[in-house]
Protein chains: 2
Amino acid sequence: MEQGRVATGDRGGRPAITSAHELAAVAQRLFVAHGFDETSVEDIATAAGISRRTFFRYFSVKADVCFADSPTELVRLQQALSAADPHESYRLVIVRAVVAALRFPPGEREWAWQRAQLVLEVPVLQAHATRIYAQWRKAAAEFARGRRPDDDVFPVVVGHAVLAGTLAAHEYWITHPASGLDDALVRMLDLLLPPEPPAP
Amino acid sequence: MEQGRVATGDRGGRPAITSAHELAAVAQRLFVAHGFDETSVEDIATAAGISRRTFFRYFSVKADVCFADSPTELVRLQQALSAADPHESYRLVIVRAVVAALRFPPGEREWAWQRAQLVLEVPVLQAHATRIYAQWRKAAAEFARGRRPDDDVFPVVVGHAVLAGTLAAHEYWITHPASGLDDALVRMLDLLLPPEPPAP
DNA sequence: CCATTTCTGACACACGGTGCCATAACCTGA
DNA sequence: TCAGGTTATGGCACCGTGTGTCAGAAATGG
């Protein structure tokens with residue numbers, strides 16, 4: 001894993017020649033134009049003006065370049081879940097948290113849609129996304145456990161329901177580009193989240 | 001993908017020196033003993049008395065060796081779904097189909113449990129499983145589309161609900177080995193499958 | 001015995017990913 | 001201006017996965 005930390009501390013030392021965000025942009029353009037599998041890391045590195053070895057210091061796995069924003073989204077989800085009013089319906093809290101976590105600036109809509117299409121349709125990316133999915137499931141499951149500490153089924157189900165709803169919404173969004181991701185998230189989660197279990 | 005067809009037709013030609021089932025058994029033993037990543041294809045091939053190249057004629061990807069039974073399970077799911085009474089509750093049909101698809105002989109319980117643990121806990125296998133998951137989602141979605149042809153949300157949701165329920169059940173089974181997979185499947189699917197939508 | 005069919009193993013190769021090390025580029029203090 | 005510390009970079013060697021190719025082994029039927 002190694003994962004050299006590039007551009008983390010900005011005191012002293014040689015300045016980074018590029019950035020993770022820049023690399024992600026270059027790579028996504030190449031993926032959309034020529035396909036993920038047809039684009040080698042060497043191609044990305046060359047297009048970005050760096051070496052193959054350096055690419056792996058920014059992203060330890062080729063597919064990671066498509067998930068540059070995922071850590072931020074996860075943090076937003078976790079914060080929205082833990083900051084929620086404990087007396088509010090758990091379903092409402094989750095829906096709001098997911099929508100907030102996945103919100104993006106209006107100008108990045110096309111960009112986000114392209115990325116979603118890549119992740120949902122390229123097998124390698126679909127596979128790699130399981131890492132992120134596991135984190136989302138865990139976050140949702142921990143929130144659910146906090147609501148019903150004595151129920152060992154509830155957290156598992158909520159974790160999978162959140163993931164299923166999020167994926168279903170993206171899938172709908174990809175096939176209905178004119179619709180809004182937010183609306184799809186609300187609809188799908190409403191259908192998939194189980195009803196609030198009886199109070200403990 | 002290539003995927004040379006070994007042991008498909010048994011008339012004429014040199015007989016296969018081993019079988020996919022045999023290879024799967026050898027590989028799973030090695031994976032459980034030493035770990036998936038720590039076991040190279042060379043190791044499996046040597047243990048099975050074949051060459052590395054020949055291994056990839058039985059399984060085009062190393063991880064595939066853990067999903068040798070998946071095609072059979074998928075067929076059982078599809079058959080159970082398409083053979084169902086059109087007037088019966090869609091939820092009941094799905095629950096019965098999933099349980100029937102994943103049923104295994106009593107003697108293979110330990111074997112199946114080990115395999116489930118590998119698939120759920122080894123990142124590479126978890127990632128590779130998305131291929132199988134996509135097939136299950138598709139099968140469930142097509143069934144749902146047959147029930148409500150004018151609803152373009154229902155199939156997506158049902159596909160993801162079936163997958164989420166199946167995964168949640170396996171996750172519960174892994175953490176509660178004494179329980180039965182069938183019971184977990186019934187519980188999880190019951191919580192995750194959305195209610196039957198109004199008749200068209 | 002020959003032709004056909006199918007499986008097998010050996011070789012070469014591309015690509016992803018990693019460890020190692022020398023070096024470039026910045027900053028600070030003398 | 002120079003020395004020393006810090007961080008990013010690039011080149012190299014290396015391993016494992018996966019694939020194309022091809023010669024040859026082992027069965028069948030005529």
# chains A, B, ... in the order shown; residues from 1 in each chain; ligands from 1

call {"tool": "calpha_fit_and_write", "arguments": {"fixed": "chain A", "moving": "chain B", "output": "compact mmCIF listing (two decimals) with C-alpha atoms, in the first residue's frame"}}
result
# COMPACT_ATOMS: atom_id res chain seq x y z
CA MET B 1 -0.37 -0.08 0.15
CA GLU B 2 2.51 2.29 0.88
CA GLN B 3 0.55 5.31 -0.40
CA GLY B 4 3.15 8.03 -0.14
CA ARG B 5 1.55 11.13 1.25
CA VAL B 6 1.81 13.82 -1.39
CA ALA B 7 0.76 17.37 -0.71
CA THR B 8 -0.40 16.59 2.83
CA GLY B 9 1.82 19.03 4.70
CA ASP B 10 2.91 22.15 2.80
CA ARG B 11 5.78 23.28 4.96
CA GLY B 12 9.27 22.59 3.69
CA GLY B 13 10.47 20.13 1.11
CA ARG B 14 10.18 20.04 -2.64
CA PRO B 15 6.79 21.22 -3.86
CA ALA B 16 4.54 18.69 -5.57
CA ILE B 17 4.61 18.97 -9.34
CA THR B 18 0.89 18.25 -9.68
CA SER B 19 -2.11 17.32 -7.50
CA ALA B 20 -4.53 14.45 -7.02
CA HIS B 21 -7.34 16.61 -8.36
CA GLU B 22 -5.35 17.47 -11.48
CA LEU B 23 -4.47 13.83 -12.06
CA ALA B 24 -8.09 12.79 -11.62
CA ALA B 25 -9.16 15.29 -14.25
CA VAL B 26 -6.55 14.17 -16.77
CA ALA B 27 -7.34 10.50 -16.16
CA GLN B 28 -11.10 10.87 -16.42
CA ARG B 29 -10.75 12.64 -19.76
CA LEU B 30 -8.64 9.77 -21.06
CA PHE B 31 -11.01 7.15 -19.66
CA VAL B 32 -14.04 8.77 -21.28
CA ALA B 33 -12.21 9.19 -24.58
CA HIS B 34 -10.51 5.81 -24.94
CA GLY B 35 -11.88 3.56 -22.19
CA PHE B 36 -10.55 2.58 -18.79
CA ASP B 37 -8.81 -0.65 -19.73
CA GLU B 38 -7.36 0.86 -22.87
CA THR B 39 -5.73 3.66 -20.89
CA SER B 40 -2.55 2.54 -19.13
CA VAL B 41 -1.09 4.26 -16.11
CA GLU B 42 1.82 5.15 -18.36
CA ASP B 43 -0.62 7.05 -20.61
CA ILE B 44 -2.05 9.01 -17.70
CA ALA B 45 1.37 9.79 -16.30
CA THR B 46 2.65 11.00 -19.65
CA ALA B 47 -0.42 13.16 -20.21
CA ALA B 48 0.09 14.68 -16.77
CA GLY B 49 3.80 15.19 -17.23
CA ILE B 50 4.93 12.83 -14.47
CA SER B 51 6.39 9.35 -14.28
CA ARG B 52 4.47 6.13 -13.79
CA ARG B 53 6.04 5.65 -10.38
CA THR B 54 4.89 9.08 -9.25
CA PHE B 55 1.30 8.36 -10.28
CA PHE B 56 1.21 5.55 -7.74
CA ARG B 57 2.27 8.00 -5.04
CA TYR B 58 -0.92 9.97 -5.60
CA PHE B 59 -3.17 6.90 -6.14
CA SER B 60 -2.04 3.52 -4.91
CA VAL B 61 -4.33 1.81 -7.41
CA LYS B 62 -5.15 2.88 -10.95
CA ALA B 63 -8.90 2.73 -10.27
CA ASP B 64 -8.54 5.02 -7.25
CA VAL B 65 -8.15 7.96 -9.56
CA CYS B 66 -11.93 7.77 -10.12
CA PHE B 67 -12.65 7.98 -6.39
CA ALA B 68 -10.63 11.05 -5.49
CA ASP B 69 -13.65 12.71 -3.85
CA SER B 70 -14.86 9.64 -1.99
CA PRO B 71 -13.06 10.30 1.30
CA THR B 72 -14.67 13.75 1.47
CA GLU B 73 -18.10 12.30 0.74
CA LEU B 74 -17.66 9.67 3.43
CA VAL B 75 -16.72 12.28 6.01
CA ARG B 76 -19.78 14.34 5.10
CA LEU B 77 -21.97 11.26 5.52
CA GLN B 78 -20.48 10.43 8.92
CA GLN B 79 -20.78 14.00 10.16
CA ALA B 80 -24.38 14.33 9.02
CA LEU B 81 -25.27 11.07 10.74
CA SER B 82 -23.56 11.81 14.03
CA ALA B 83 -24.83 15.38 14.19
CA ALA B 84 -28.46 14.36 13.83
CA ASP B 85 -31.17 14.85 16.43
CA PRO B 86 -31.52 11.48 18.27
CA HIS B 87 -35.30 11.91 18.43
CA GLU B 88 -35.82 12.35 14.74
CA SER B 89 -36.93 9.50 12.50
CA TYR B 90 -33.89 7.45 11.56
CA ARG B 91 -35.08 7.28 7.97
CA LEU B 92 -35.24 11.04 7.61
CA VAL B 93 -31.79 11.41 9.08
CA ILE B 94 -30.30 8.94 6.66
CA VAL B 95 -31.97 10.39 3.61
CA ARG B 96 -30.76 13.88 4.49
CA ALA B 97 -27.26 12.62 5.29
CA VAL B 98 -26.88 10.72 2.02
CA VAL B 99 -28.18 13.61 -0.06
CA ALA B 100 -25.86 16.02 1.73
CA ALA B 101 -22.87 13.72 1.36
CA LEU B 102 -23.31 13.36 -2.40
CA ARG B 103 -24.14 16.97 -3.17
CA PHE B 104 -21.87 18.60 -5.75
CA PRO B 105 -21.57 22.13 -7.16
CA PRO B 106 -23.92 22.78 -10.11
CA GLY B 107 -20.96 23.30 -12.42
CA GLU B 108 -19.70 19.80 -11.75
CA ARG B 109 -22.90 18.05 -12.72
CA GLU B 110 -21.62 16.82 -16.09
CA TRP B 111 -18.37 15.80 -14.47
CA ALA B 112 -20.10 13.85 -11.71
CA TRP B 113 -22.43 12.19 -14.19
CA GLN B 114 -19.52 11.00 -16.32
CA ARG B 115 -17.80 9.65 -13.27
CA ALA B 116 -20.94 7.82 -12.15
CA GLN B 117 -21.30 6.30 -15.59
CA LEU B 118 -17.71 5.07 -15.52
CA VAL B 119 -18.07 3.59 -12.05
CA LEU B 120 -21.34 1.85 -12.85
CA GLU B 121 -20.39 0.49 -16.26
CA VAL B 122 -16.68 -0.37 -16.21
CA PRO B 123 -16.27 -3.75 -14.49
CA VAL B 124 -12.93 -2.93 -12.94
CA LEU B 125 -14.28 0.28 -11.44
CA GLN B 126 -17.50 -1.41 -10.36
CA ALA B 127 -15.35 -3.96 -8.58
CA HIS B 128 -13.03 -1.44 -7.00
CA ALA B 129 -15.96 0.61 -5.74
CA THR B 130 -16.68 -2.14 -3.20
CA ARG B 131 -14.02 -0.56 -1.00
CA ILE B 132 -15.97 2.66 -0.81
CA TYR B 133 -19.26 0.81 -0.46
CA ALA B 134 -17.94 -1.07 2.55
CA GLN B 135 -17.13 2.22 4.24
CA TRP B 136 -20.61 3.57 3.60
CA ARG B 137 -22.22 0.38 4.91
CA LYS B 138 -20.10 0.58 8.01
CA ALA B 139 -21.00 4.22 8.65
CA ALA B 140 -24.70 3.53 8.23
CA ALA B 141 -24.52 0.37 10.33
CA GLU B 142 -22.80 2.17 13.20
CA PHE B 143 -25.44 4.86 13.11
CA ALA B 144 -28.16 2.23 13.20
CA ARG B 145 -26.47 0.43 16.07
CA GLY B 146 -26.52 3.69 18.01
CA ARG B 147 -30.26 3.85 17.56
CA ARG B 148 -31.01 0.22 18.53
CA PRO B 149 -28.01 -1.14 20.49
CA ASP B 150 -29.68 -4.47 21.32
CA ASP B 151 -30.72 -5.35 17.78
CA ASP B 152 -28.02 -7.17 15.81
CA VAL B 153 -30.08 -7.37 12.64
CA PHE B 154 -31.02 -3.72 12.32
CA PRO B 155 -27.49 -2.38 11.66
CA VAL B 156 -26.76 -4.96 8.99
CA VAL B 157 -30.01 -4.28 7.19
CA VAL B 158 -29.66 -0.50 7.37
CA GLY B 159 -26.11 -0.66 6.08
CA HIS B 160 -27.15 -2.64 3.05
CA ALA B 161 -30.29 -0.59 2.52
CA VAL B 162 -28.34 2.65 2.41
CA LEU B 163 -25.91 1.20 -0.09
CA ALA B 164 -28.64 -0.34 -2.23
CA GLY B 165 -30.60 2.90 -2.26
CA THR B 166 -27.58 4.95 -3.21
CA LEU B 167 -26.63 2.58 -6.01
CA ALA B 168 -30.18 2.31 -7.29
CA ALA B 169 -30.41 6.10 -7.39
CA HIS B 170 -27.20 6.40 -9.35
CA GLU B 171 -28.34 3.68 -11.73
CA TYR B 172 -31.59 5.53 -12.30
CA TRP B 173 -29.72 8.78 -12.75
CA ILE B 174 -27.44 7.28 -15.38
CA THR B 175 -30.37 5.99 -17.40
CA HIS B 176 -32.40 9.17 -16.84
CA PRO B 177 -29.81 11.96 -17.16
CA ALA B 178 -32.46 14.67 -17.16
CA SER B 179 -33.62 13.77 -13.66
CA GLY B 180 -31.94 14.90 -10.47
CA LEU B 181 -29.76 12.64 -8.39
CA ASP B 182 -31.23 14.05 -5.19
CA ASP B 183 -34.80 13.15 -6.12
CA ALA B 184 -33.73 9.64 -7.07
CA LEU B 185 -31.92 9.21 -3.76
CA VAL B 186 -35.01 10.24 -1.82
CA ARG B 187 -37.26 7.87 -3.76
CA MET B 188 -34.97 4.87 -3.62
CA LEU B 189 -34.05 5.20 0.02
CA ASP B 190 -37.69 5.67 0.93
CA LEU B 191 -38.49 2.35 -0.76
CA LEU B 192 -35.54 0.43 0.65
CA LEU B 193 -35.04 1.63 4.22
CA PRO B 194 -36.98 -0.66 6.55
CA PRO B 195 -39.55 0.92 8.86
CA GLU B 196 -38.39 2.21 12.21
CA PRO B 197 -38.25 -0.77 14.58
CA PRO B 198 -40.16 -0.57 17.87
CA ALA B 199 -38.43 1.52 20.54
CA PRO B 200 -36.06 -0.47 22.79

call {"tool": "residues_around", "arguments": {"residues": "DT21 (chain D)", "least_positions_apart": "3", "cutoff": "12 Å", "atoms": "only C-alpha atoms (C1' of nucleotides)", "output": "list in words"}}
result
DA10, DC11, DA12 and DC13 of chain C

call {"tool": "select_by_dssp", "arguments": {"residues": "chain B", "states": "alpha helix (DSSP H)", "output": "MDAnalysis selection string"}}
result
chainID B and resid 20:34 41:48 52:58 70:82 90:101 109:121 123:128 130:147 154:175 181:192

call {"tool": "write_last_selection", "arguments": {"atoms": "C-alpha atoms", "output": "CSV table (one decimal), in the first residue's frame"}}
result
chain,number,residue,atom,x,y,z
B,20,ALA,CA,-13.0,-27.1,-12.2
B,21,HIS,CA,-14.5,-28.6,-9.1
B,22,GLU,CA,-11.3,-30.3,-8.1
B,23,LEU,CA,-9.3,-27.1,-8.7
B,24,ALA,CA,-11.8,-25.1,-6.6
B,25,ALA,CA,-11.4,-27.5,-3.8
B,26,VAL,CA,-7.6,-27.4,-3.9
B,27,ALA,CA,-7.6,-23.6,-4.1
B,28,GLN,CA,-10.0,-23.0,-1.3
B,29,ARG,CA,-8.0,-25.2,1.0
B,30,LEU,CA,-4.9,-23.1,0.2
B,31,PHE,CA,-6.8,-19.8,0.6
B,32,VAL,CA,-8.1,-20.8,4.0
B,33,ALA,CA,-4.7,-22.0,5.1
B,34,HIS,CA,-2.5,-19.2,3.9
B,41,VAL,CA,-1.8,-19.1,-9.1
B,42,GLU,CA,1.5,-21.0,-9.4
B,43,ASP,CA,0.9,-22.4,-6.0
B,44,ILE,CA,-2.6,-23.6,-6.9
B,45,ALA,CA,-1.4,-25.1,-10.1
B,46,THR,CA,1.5,-27.0,-8.5
B,47,ALA,CA,-0.8,-28.3,-5.7
B,48,ALA,CA,-3.2,-29.5,-8.4
B,52,ARG,CA,-0.1,-22.1,-14.4
B,53,ARG,CA,-1.3,-21.7,-18.0
B,54,THR,CA,-3.7,-24.6,-17.7
B,55,PHE,CA,-5.3,-23.1,-14.5
B,56,PHE,CA,-6.4,-20.1,-16.6
B,57,ARG,CA,-8.1,-22.4,-19.0
B,58,TYR,CA,-10.4,-23.5,-16.2
B,70,SER,CA,-22.2,-19.3,-9.2
B,71,PRO,CA,-23.5,-20.1,-12.7
B,72,THR,CA,-25.5,-22.9,-11.3
B,73,GLU,CA,-27.0,-20.8,-8.6
B,74,LEU,CA,-27.9,-18.1,-11.1
B,75,VAL,CA,-29.7,-20.5,-13.3
B,76,ARG,CA,-31.7,-21.8,-10.4
B,77,LEU,CA,-32.7,-18.3,-9.4
B,78,GLN,CA,-33.8,-17.5,-13.0
B,79,GLN,CA,-35.7,-20.7,-13.3
B,80,ALA,CA,-37.5,-20.2,-10.0
B,81,LEU,CA,-38.4,-16.7,-10.9
B,82,SER,CA,-39.7,-17.5,-14.4
B,90,TYR,CA,-43.9,-11.0,-5.9
B,91,ARG,CA,-42.2,-10.9,-2.5
B,92,LEU,CA,-43.0,-14.5,-1.8
B,93,VAL,CA,-41.8,-15.6,-5.2
B,94,ILE,CA,-38.5,-13.8,-4.7
B,95,VAL,CA,-37.9,-15.1,-1.3
B,96,ARG,CA,-38.6,-18.7,-2.4
B,97,ALA,CA,-36.4,-18.3,-5.5
B,98,VAL,CA,-33.4,-16.9,-3.6
B,99,VAL,CA,-33.6,-19.6,-0.9
B,100,ALA,CA,-33.9,-22.3,-3.6
B,101,ALA,CA,-31.0,-20.9,-5.6
B,109,ARG,CA,-22.4,-26.5,4.9
B,110,GLU,CA,-18.9,-26.0,6.3
B,111,TRP,CA,-17.6,-25.7,2.8
B,112,ALA,CA,-20.1,-23.1,1.8
B,113,TRP,CA,-19.6,-21.2,5.1
B,114,GLN,CA,-15.8,-21.0,4.5
B,115,ARG,CA,-16.4,-19.8,0.9
B,116,ALA,CA,-18.9,-17.1,2.1
B,117,GLN,CA,-16.4,-15.9,4.7
B,118,LEU,CA,-13.7,-15.7,2.0
B,119,VAL,CA,-15.9,-13.8,-0.4
B,120,LEU,CA,-17.1,-11.4,2.3
B,121,GLU,CA,-13.8,-10.7,3.9
B,123,PRO,CA,-11.1,-7.4,-0.6
B,124,VAL,CA,-10.2,-8.9,-3.9
B,125,LEU,CA,-12.9,-11.5,-3.8
B,126,GLN,CA,-15.4,-8.9,-2.5
B,127,ALA,CA,-14.5,-6.8,-5.5
B,128,HIS,CA,-14.7,-9.7,-8.0
B,130,THR,CA,-19.6,-7.7,-8.2
B,131,ARG,CA,-19.8,-9.6,-11.5
B,132,ILE,CA,-22.0,-12.2,-9.9
B,133,TYR,CA,-24.0,-9.6,-8.1
B,134,ALA,CA,-24.7,-7.8,-11.4
B,135,GLN,CA,-26.2,-10.9,-12.8
B,136,TRP,CA,-28.4,-11.4,-9.8
B,137,ARG,CA,-29.6,-7.8,-9.9
B,138,LYS,CA,-30.4,-8.2,-13.6
B,139,ALA,CA,-32.4,-11.4,-13.1
B,140,ALA,CA,-34.4,-9.9,-10.3
B,141,ALA,CA,-34.9,-6.6,-12.2
B,142,GLU,CA,-36.2,-8.5,-15.3
B,143,PHE,CA,-38.6,-10.4,-13.1
B,144,ALA,CA,-39.8,-7.2,-11.6
B,145,ARG,CA,-40.2,-5.6,-15.0
B,146,GLY,CA,-42.4,-8.5,-16.0
B,147,ARG,CA,-44.7,-7.8,-13.1
B,154,PHE,CA,-39.7,-0.9,-9.6
B,155,PRO,CA,-37.2,-3.1,-11.4
B,156,VAL,CA,-34.2,-1.1,-10.3
B,157,VAL,CA,-35.3,-1.1,-6.7
B,158,VAL,CA,-36.1,-4.8,-6.6
B,159,GLY,CA,-32.8,-5.7,-8.2
B,160,HIS,CA,-30.9,-3.9,-5.5
B,161,ALA,CA,-33.2,-5.1,-2.7
B,162,VAL,CA,-32.6,-8.7,-3.7
B,163,LEU,CA,-28.9,-8.2,-3.7
B,164,ALA,CA,-28.9,-6.3,-0.5
B,165,GLY,CA,-31.0,-8.9,1.2
B,166,THR,CA,-28.8,-11.7,0.0
B,167,LEU,CA,-25.6,-10.0,1.1
B,168,ALA,CA,-27.1,-9.0,4.5
B,169,ALA,CA,-28.1,-12.6,5.1
B,170,HIS,CA,-24.7,-13.9,4.3
B,171,GLU,CA,-23.1,-11.2,6.5
B,172,TYR,CA,-25.4,-12.2,9.4
B,173,TRP,CA,-24.6,-15.9,8.7
B,174,ILE,CA,-20.9,-15.3,8.9
B,175,THR,CA,-21.2,-13.5,12.2
B,181,LEU,CA,-28.7,-19.1,6.0
B,182,ASP,CA,-32.2,-19.8,4.9
B,183,ASP,CA,-33.8,-18.1,7.9
B,184,ALA,CA,-31.5,-15.1,7.5
B,185,LEU,CA,-32.5,-14.8,3.9
B,186,VAL,CA,-36.2,-14.8,4.7
B,187,ARG,CA,-35.7,-12.2,7.4
B,188,MET,CA,-33.5,-9.8,5.4
B,189,LEU,CA,-35.5,-10.0,2.2
B,190,ASP,CA,-38.7,-9.4,4.1
B,191,LEU,CA,-37.2,-6.2,5.6
B,192,LEU,CA,-35.7,-5.0,2.3

call {"tool": "interface_residues", "arguments": {"of": "chain D", "to": "chain B", "cutoff": "9 Å", "atoms": "only C-alpha atoms (C1' of nucleotides)", "output": "list in words"}}
result
DG16, DT17, DG18, DT19, DA25, DA26, DA27, DT28 and DG29 of chain D

call {"tool": "write_last_selection", "arguments": {"atoms": "N, CA and C atoms (P, O5', C5', C4', C3', O3' and C1' of nucleotides)", "output": "PDB file, in the first residue's frame"}}
result
ATOM      1  P    DG D  16       5.784 -13.983  -7.090  1.00  0.00           P
ATOM      2  O5'  DG D  16       4.396 -13.490  -7.683  1.00  0.00           O
ATOM      3  C5'  DG D  16       3.574 -12.610  -6.911  1.00  0.00           C
ATOM      4  C4'  DG D  16       2.349 -12.229  -7.713  1.00  0.00           C
ATOM      5  C3'  DG D  16       1.692 -13.403  -8.448  1.00  0.00           C
ATOM      6  O3'  DG D  16       0.303 -13.394  -8.205  1.00  0.00           O
ATOM      7  C1'  DG D  16       2.205 -11.674  -9.979  1.00  0.00           C
ATOM      8  P    DT D  17      -0.667 -14.474  -8.887  1.00  0.00           P
ATOM      9  O5'  DT D  17      -1.450 -13.640 -10.000  1.00  0.00           O
ATOM     10  C5'  DT D  17      -2.041 -12.408  -9.640  1.00  0.00           C
ATOM     11  C4'  DT D  17      -2.623 -11.710 -10.859  1.00  0.00           C
ATOM     12  C3'  DT D  17      -3.520 -12.584 -11.733  1.00  0.00           C
ATOM     13  O3'  DT D  17      -4.676 -11.829 -12.094  1.00  0.00           O
ATOM     14  C1'  DT D  17      -1.814 -11.616 -13.048  1.00  0.00           C
ATOM     15  P    DG D  18      -6.024 -12.574 -12.616  1.00  0.00           P
ATOM     16  O5'  DG D  18      -5.795 -12.570 -14.193  1.00  0.00           O
ATOM     17  C5'  DG D  18      -5.862 -11.334 -14.867  1.00  0.00           C
ATOM     18  C4'  DG D  18      -5.319 -11.480 -16.264  1.00  0.00           C
ATOM     19  C3'  DG D  18      -5.913 -12.606 -17.126  1.00  0.00           C
ATOM     20  O3'  DG D  18      -6.591 -12.008 -18.213  1.00  0.00           O
ATOM     21  C1'  DG D  18      -3.569 -12.418 -17.404  1.00  0.00           C
ATOM     22  P    DT D  19      -7.344 -12.877 -19.336  1.00  0.00           P
ATOM     23  O5'  DT D  19      -6.294 -12.897 -20.534  1.00  0.00           O
ATOM     24  C5'  DT D  19      -5.796 -11.667 -21.020  1.00  0.00           C
ATOM     25  C4'  DT D  19      -4.892 -11.902 -22.210  1.00  0.00           C
ATOM     26  C3'  DT D  19      -5.393 -12.955 -23.203  1.00  0.00           C
ATOM     27  O3'  DT D  19      -5.378 -12.376 -24.495  1.00  0.00           O
ATOM     28  C1'  DT D  19      -3.146 -13.387 -22.598  1.00  0.00           C
ATOM     29  P    DA D  25       4.977 -35.375 -27.753  1.00  0.00           P
ATOM     30  O5'  DA D  25       3.960 -35.873 -26.627  1.00  0.00           O
ATOM     31  C5'  DA D  25       3.877 -35.180 -25.399  1.00  0.00           C
ATOM     32  C4'  DA D  25       2.486 -35.346 -24.810  1.00  0.00           C
ATOM     33  C3'  DA D  25       1.929 -36.773 -24.902  1.00  0.00           C
ATOM     34  O3'  DA D  25       1.266 -37.105 -23.698  1.00  0.00           O
ATOM     35  C1'  DA D  25       0.445 -35.285 -25.958  1.00  0.00           C
ATOM     36  P    DA D  26       1.076 -38.671 -23.275  1.00  0.00           P
ATOM     37  O5'  DA D  26      -0.491 -38.915 -23.477  1.00  0.00           O
ATOM     38  C5'  DA D  26      -1.409 -38.145 -22.726  1.00  0.00           C
ATOM     39  C4'  DA D  26      -2.800 -38.234 -23.333  1.00  0.00           C
ATOM     40  C3'  DA D  26      -3.251 -39.673 -23.682  1.00  0.00           C
ATOM     41  O3'  DA D  26      -4.538 -39.897 -23.134  1.00  0.00           O
ATOM     42  C1'  DA D  26      -3.587 -38.215 -25.510  1.00  0.00           C
ATOM     43  P    DA D  27      -4.975 -41.440 -22.776  1.00  0.00           P
ATOM     44  O5'  DA D  27      -6.059 -41.735 -23.925  1.00  0.00           O
ATOM     45  C5'  DA D  27      -7.414 -41.643 -23.630  1.00  0.00           C
ATOM     46  C4'  DA D  27      -8.155 -40.857 -24.707  1.00  0.00           C
ATOM     47  C3'  DA D  27      -8.868 -41.705 -25.754  1.00  0.00           C
ATOM     48  O3'  DA D  27     -10.163 -42.057 -25.276  1.00  0.00           O
ATOM     49  C1'  DA D  27      -7.859 -39.736 -26.694  1.00  0.00           C
ATOM     50  P    DT D  28     -10.943 -43.299 -25.961  1.00  0.00           P
ATOM     51  O5'  DT D  28     -11.443 -42.660 -27.318  1.00  0.00           O
ATOM     52  C5'  DT D  28     -12.446 -41.633 -27.310  1.00  0.00           C
ATOM     53  C4'  DT D  28     -12.733 -41.200 -28.743  1.00  0.00           C
ATOM     54  C3'  DT D  28     -13.201 -42.352 -29.627  1.00  0.00           C
ATOM     55  O3'  DT D  28     -14.572 -42.181 -29.970  1.00  0.00           O
ATOM     56  C1'  DT D  28     -11.469 -41.054 -30.691  1.00  0.00           C
ATOM     57  P    DG D  29     -15.321 -43.496 -30.570  1.00  0.00           P
ATOM     58  O5'  DG D  29     -15.093 -43.288 -32.134  1.00  0.00           O
ATOM     59  C5'  DG D  29     -15.456 -42.044 -32.733  1.00  0.00           C
ATOM     60  C4'  DG D  29     -15.063 -42.031 -34.203  1.00  0.00           C
ATOM     61  C3'  DG D  29     -15.494 -43.283 -34.984  1.00  0.00           C
ATOM     62  O3'  DG D  29     -15.964 -42.906 -36.270  1.00  0.00           O
ATOM     63  C1'  DG D  29     -13.143 -43.011 -35.132  1.00  0.00           C
TER      64       DG D  29
END

call {"tool": "closest_residue", "arguments": {"among": "C:DT8, C:DG29, C:DG19, C:DA24", "to": "DA23 (chain D)", "atoms": "only C-alpha atoms (C1' of nucleotides)"}}
result
C:DT8

call {"tool": "closest_residue", "arguments": {"among": "C:DA14, C:DC7, C:DC20, C:DA30", "to": "chain B", "atoms": "only C-alpha atoms (C1' of nucleotides)"}}
result
C:DC7

call {"tool": "closest_residue", "arguments": {"among": "C:DT23, C:DT18, C:DT4, C:DT28", "to": "chain B", "atoms": "only C-alpha atoms (C1' of nucleotides)"}}
result
C:DT4

call {"tool": "interface_residues", "arguments": {"of": "chain C", "to": "chain A", "cutoff": "6 Å", "atoms": "only C-alpha atoms (C1' of nucleotides)", "output": "short mmCIF file (atom, residue, chain, number, x, y, z; two decimals) with N, CA, C and O atoms (P, O5', C5', C4', C3', O3' and C1' of nucleotides), in the first residue's frame"}}
result
data_model
loop_
_atom_site.label_atom_id
_atom_site.label_comp_id
_atom_site.auth_asym_id
_atom_site.auth_seq_id
_atom_site.Cartn_x
_atom_site.Cartn_y
_atom_site.Cartn_z
P DA C 25 15.36 20.76 -10.65
"O5'" DA C 25 14.63 21.37 -9.38
"C5'" DA C 25 13.28 21.03 -9.13
"C4'" DA C 25 12.90 21.42 -7.72
"C3'" DA C 25 13.22 22.89 -7.35
"O3'" DA C 25 12.03 23.48 -6.85
"C1'" DA C 25 13.97 21.39 -5.67
P DC C 26 11.87 25.06 -6.93
"O5'" DC C 26 11.92 25.49 -5.39
"C5'" DC C 26 10.76 25.44 -4.65
"C4'" DC C 26 11.04 24.96 -3.22
"C3'" DC C 26 11.57 26.01 -2.26
"O3'" DC C 26 10.48 26.76 -1.72
"C1'" DC C 26 12.49 23.83 -1.85
P DC C 27 10.77 28.12 -0.91
"O5'" DC C 27 11.31 27.59 0.49
"C5'" DC C 27 10.45 26.80 1.32
"C4'" DC C 27 11.20 26.44 2.59
"C3'" DC C 27 11.77 27.67 3.31
"O3'" DC C 27 11.26 27.75 4.64
"C1'" DC C 27 13.44 26.00 3.00
#
